[in-house]
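K.L.:
Below: one structure in structure tokens.
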Number of protein chains: 2
Amino acid sequence: MASMISAKDVLDLNERFYRALEQNDLTAMEAIWSHDDHVRCVHPGWAMLVGWEEVRKSWRDIFETDTTMKFVITDISSFSDGNLAWVTCTENITTISEAEMGVAAAQSTNIFRRIDGQWKMVIHHASPVPTTVIDHEDSRIA
Amino acid sequence: MASMISAKDVLDLNERFYRALEQNDLTAMEAIWSHDDHVRCVHPGWAMLVGWEEVRKSWRDIFETDTTMKFVITDISSFSDGNLAWVTCTENITTISEAEMGVAAAQSTNIFRRIDGQWKMVIHHASPVPTTVIDHEDSRIA
């Protein structure tokens with residue numbers, strides 16, 4: 001029987017995902033995800049993307065915009081059993097583009113699966129949650 | 001080693017959940033969910049609910065409104081490994097109250113876990129997705 005993954009290692013997988021996201025790092029994102037037809041990805045407010053090709057294309061498109069995103073991850077909870085593990089967390093997102101900055105929050109469920117001894121992301125499901133409304137006039141970068 | 005759950009049985013678990021939801025059946029919902037602190041539930045647009053007590057209260061509150069919901073589930077995909085299984089699907093929702101009816105769609109990730117030989121829901125994460133806007137004046141029930 002395969003060894004259990006530790007809670008720390010599950011959180012490290014999750015951390016690696018958000019670091020790739022913050023750094024607009026498509027190569028890191030490719031290494032994090034499973035590349036099969038079974039993967040699913042829901043960006044906040046998007047329809048579900050099905051299969052690695054669609055998911056990869058979405059990250060490429062997101063990383064090609066001029067917006068930088070910073071993530072503070074809170075309310076983290078992890079769980080594992082056998083070859084599956086997941087993290088639920090709140091993403092506190094600051095977006096910074098040339099014109100302005102904004103804040104948003106999303107709830108995320110991230111599922112990882114051990115495939116041939118390697119842990120890979122197979123589902124990322126993020127959905128918008130109510131957050132404090134900020135005054136965009138005030139928050140605009142000078 | 002515990003036997004694998006069949007794809008059909010995973011879909012049956014999912015179907016049972018939506019039947020309980022349609023029927024405003026809190027007793028059925030209680031039987032479907034694991035009752036521990038680890039469960040998580042995100043209703044479309046809500047913040048994440050943590051632990052069975054919060055989750056149960058949300059279903060009770062939802063079931064106490066005068067709104068009836070009908071679900072047509074599409075884009076169903078299921079997966080299982082060992083003691084965990086999940087379904088991703090699109091919920092096509094028709095809401096009917098005294099005053100009006102509406103349509104909505106949500107993407108859902110539903111995770112089930114085998115605990116002491118019984119399969120229980122441990123995560124329901126549903127998020128709103130763009131859908132066709134309908135004219136509420138025209139759709140109002142006569």
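FYI, nothing fancy with the structure tokens labels: chains A, B, ... in order, residues from 1 per chain, ligands from 1 as they appear.
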When DSSP is applied to the backbone of this structure, which of region 6-70 of chain B are assigned strand (DSSP E)? Write them out as a list in words.

P.N.:
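The residues of region 6-70 of chain B classed as strand (DSSP E) are Arg40, Cys41, Val42, Leu49, Val50, Thr68, Met69 and Lys70 of chain B.
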
K.L.:
Could you save the residues just selected, with N, CA, C and O atoms, as an mmCIF file, in the first residue's frame?

P.N.:
data_model
loop_
_atom_site.group_PDB
_atom_site.id
_atom_site.type_symbol
_atom_site.label_atom_id
_atom_site.label_comp_id
_atom_site.auth_asym_id
_atom_site.auth_seq_id
_atom_site.Cartn_x
_atom_site.Cartn_y
_atom_site.Cartn_z
ATOM 1 N N ARG B 40 -17.445 20.645 4.156
ATOM 2 C CA ARG B 40 -17.424 22.012 3.631
ATOM 3 C C ARG B 40 -18.555 22.135 2.618
ATOM 4 O O ARG B 40 -18.813 21.205 1.857
ATOM 5 N N CYS B 41 -19.179 23.306 2.581
ATOM 6 C CA CYS B 41 -20.263 23.527 1.629
ATOM 7 C C CYS B 41 -20.222 24.972 1.148
ATOM 8 O O CYS B 41 -20.179 25.901 1.951
ATOM 9 N N VAL B 42 -20.192 25.137 -0.162
ATOM 10 C CA VAL B 42 -20.289 26.472 -0.762
ATOM 11 C C VAL B 42 -21.547 26.493 -1.630
ATOM 12 O O VAL B 42 -21.606 25.824 -2.658
ATOM 13 N N LEU B 49 -19.085 27.310 4.085
ATOM 14 C CA LEU B 49 -19.586 26.870 5.388
ATOM 15 C C LEU B 49 -18.700 25.735 5.877
ATOM 16 O O LEU B 49 -18.341 24.834 5.113
ATOM 17 N N VAL B 50 -18.389 25.774 7.170
ATOM 18 C CA VAL B 50 -17.398 24.856 7.742
ATOM 19 C C VAL B 50 -18.048 23.988 8.809
ATOM 20 O O VAL B 50 -18.588 24.503 9.782
ATOM 21 N N THR B 68 -39.423 26.627 -4.594
ATOM 22 C CA THR B 68 -39.162 25.266 -5.046
ATOM 23 C C THR B 68 -38.065 25.319 -6.101
ATOM 24 O O THR B 68 -38.057 26.203 -6.946
ATOM 25 N N MET B 69 -37.147 24.378 -6.047
ATOM 26 C CA MET B 69 -36.083 24.338 -7.047
ATOM 27 C C MET B 69 -36.128 23.005 -7.788
ATOM 28 O O MET B 69 -36.281 21.952 -7.172
ATOM 29 N N LYS B 70 -36.021 23.103 -9.111
ATOM 30 C CA LYS B 70 -35.913 21.898 -9.935
ATOM 31 C C LYS B 70 -34.523 21.877 -10.552
ATOM 32 O O LYS B 70 -34.046 22.909 -11.045
#

K.L.:
For region 51-57 of chain A, please output as number ranges by chain all residues within 7 Å (counting only C-alpha atoms; exclusion window: fewer than 4 positions along the same chain).

P.N.:
A: 35-41, 61

K.L.:
Output N, CA, C and O atoms for every residue in the selection just made, as a short mmCIF file (atom, residue, chain, number, x, y, z; two decimals), in the first residue's frame.

P.N.:
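What ended up in again04.cif:
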data_model
loop_
_atom_site.label_atom_id
_atom_site.label_comp_id
_atom_site.auth_asym_id
_atom_site.auth_seq_id
_atom_site.Cartn_x
_atom_site.Cartn_y
_atom_site.Cartn_z
N HIS A 35 -2.03 16.03 -16.85
CA HIS A 35 -2.28 16.44 -18.24
C HIS A 35 -3.30 15.54 -18.91
O HIS A 35 -3.17 15.23 -20.08
N ASP A 36 -4.30 15.11 -18.17
CA ASP A 36 -5.25 14.20 -18.84
C ASP A 36 -6.64 14.84 -19.02
O ASP A 36 -6.89 15.97 -18.61
N ASP A 37 -7.50 14.07 -19.67
CA ASP A 37 -8.83 14.59 -20.04
C ASP A 37 -9.74 14.74 -18.82
O ASP A 37 -10.81 15.33 -18.91
N HIS A 38 -9.31 14.17 -17.70
CA HIS A 38 -10.17 14.14 -16.53
C HIS A 38 -10.10 15.43 -15.70
O HIS A 38 -10.93 15.65 -14.83
N VAL A 39 -9.11 16.26 -15.96
CA VAL A 39 -8.96 17.44 -15.09
C VAL A 39 -10.09 18.45 -15.35
O VAL A 39 -10.65 18.52 -16.45
N ARG A 40 -10.39 19.22 -14.32
CA ARG A 40 -11.46 20.21 -14.39
C ARG A 40 -10.98 21.49 -13.72
O ARG A 40 -10.27 21.42 -12.69
N CYS A 41 -11.38 22.62 -14.26
CA CYS A 41 -10.96 23.89 -13.68
C CYS A 41 -12.10 24.89 -13.80
O CYS A 41 -12.66 25.09 -14.89
N ASP A 61 -3.84 32.25 -21.24
CA ASP A 61 -4.54 33.51 -21.50
C ASP A 61 -4.50 34.44 -20.27
O ASP A 61 -4.31 35.65 -20.39
#

K.L.:
Using only C-alpha atoms, select each residue of chain A with any atom at most 12 Å away from an atom of chain B, and give the selection as a PyMOL selection string.

P.N.:
chain A and resi 1-2+37-51+74-91+105-115+122-131

K.L.:
Provide the CA of Ala99 (chain A) to CA of Glu64 (chain A) distance in Å, to one decimal place.

P.N.:
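It comes out at 16.4 Å.
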
K.L.:
Select from chain B everything DSSP, run on the backbone, classes as helix (DSSP H, G or I), then give the selection as an MDAnalysis selection string.

P.N.:
chainID B and resid 7:22 26:32 52:64 136:139

K.L.:
What is the distance between CA of Met101 (chain B) and CA of Phe71 (chain B), in Å to one decimal?

P.N.:
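Distance reported for this atom pair: 13.4 Å.
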
K.L.:
I'd like the interatomic distance between CA of Ser3 (chain A) and CA of Gln118 (chain A), to a tenth of an Å.

P.N.:
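For CA of Ser3 (chain A) relative to CA of Gln118 (chain A), the distance reads 12.2 Å.
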
K.L.:
Pick out the residues sitting within 10 Å of Thr67 (chain A), and hand them over as number ranges by chain; count only C-alpha atoms, and ignore anything fewer than 6 positions along from it in its own chain.

P.N.:
A: 24, 94-101
